[in-house]
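Working notes for the structure below.
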Amino acid sequence: MADDRPTVYTTTWCPYSRSLVNDLRYFGVAFDEVDVDADDEAADLVRSLNGGDRVVPTVVYPDGSHDTNPDGAEVAGKMGLFGSDPE
């Protein structure tokens, strides 16, 4: 995994995960995707970030911060693709 890309924790069956992944591709965000159904350590990490709940999508940014269920524009903004964070 690249150090300058966010990691997106997903599942194959979650419509919010699929939507975020599609939006990130549309915005041209390079990211790493990890399926928490296939990776127990990833599932444990997601639980630790979400108060014990395995909530997807969860995005971990290169600086170590994270968002739960963000939209693609928010992630793209945080990655500097819009020139500034859209908050």
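Each chain in the structure tokens gets a letter, A, B and so on, in the order shown; residues start at 1 in every chain, and ligands are counted from 1 in the order they appear.
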- Fewer than 4 positions away in the same chain doesn't count, so skip those; otherwise give me all residues within 8 Å of Cys14 in chain A, counting only C-alpha atoms, as a list in words. Thr10, Arg18 and Val56 of chain A
- Task: Would you please extract all strand (DSSP E) residues from range 14-72 of chain A, as assigned by DSSP on the backbone, and give them as a ChimeraX atom specification?
- Result: /A:32-35,58-60,66-68
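In this comparison, which uses only C-alpha atoms, the residue of A:Leu49, A:Ala76, A:Leu81, A:Val55 approaching Asp37 in chain A most closely is A:Val55.
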- Query: Just how far from CA of Arg54 in chain A is CA of Asp40 in chain A, in Å to one decimal?
  - Reply: 10.9 Å
- Message: Which residues are near Ala73 in chain A? Cut-off 8 Å, only C-alpha atoms, ignore same chain within fewer than 3 positions. Put them as a list in words.
- Response: Asp23, Leu24, Phe27, Ala76, Gly77 and Pro86 of chain A
- Message: Write out as a VMD selection string the set of residues from chain A that DSSP, computed on the backbone, places in alpha helix (DSSP H).
- Response: chain A and resid 15 to 27 40 to 49 72 to 78
- From the list A:Ala30, A:Phe82, A:Asn22, A:Thr68, the nearest residue to Asp3 in chain A using only C-alpha atoms is A:Ala30
- Query: Which residues come within 7 Å of Asp32 in chain A, counting only C-alpha atoms, excluding same-chain residues fewer than 3 positions away, as a VMD selection string?
  - Reply: chain A and resid 1 5 to 8
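Distances here use only C-alpha atoms; by that measure, the residue among A:Tyr9, A:Tyr16, A:Val21, A:Asp53 closest to Ala38 in chain A is A:Tyr9.
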- In Å to one decimal, how far is CA of Trp13 in chain A from CA of Gly80 in chain A? 29.1 Å
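Using only C-alpha atoms, the nearest neighbour of Ala42 in chain A within the list A:Val59, A:Lys78, A:Ser19, A:Tyr26 is A:Val59.
Compared by their closest atoms to Pro70 in chain A, and using only C-alpha atoms, the residues A:Thr12, A:Asp4, A:Val34, A:Leu20 rank with A:Leu20 nearest.
CA of Asp71 in chain A sits 9.9 Å away from CA of Ser17 in chain A.
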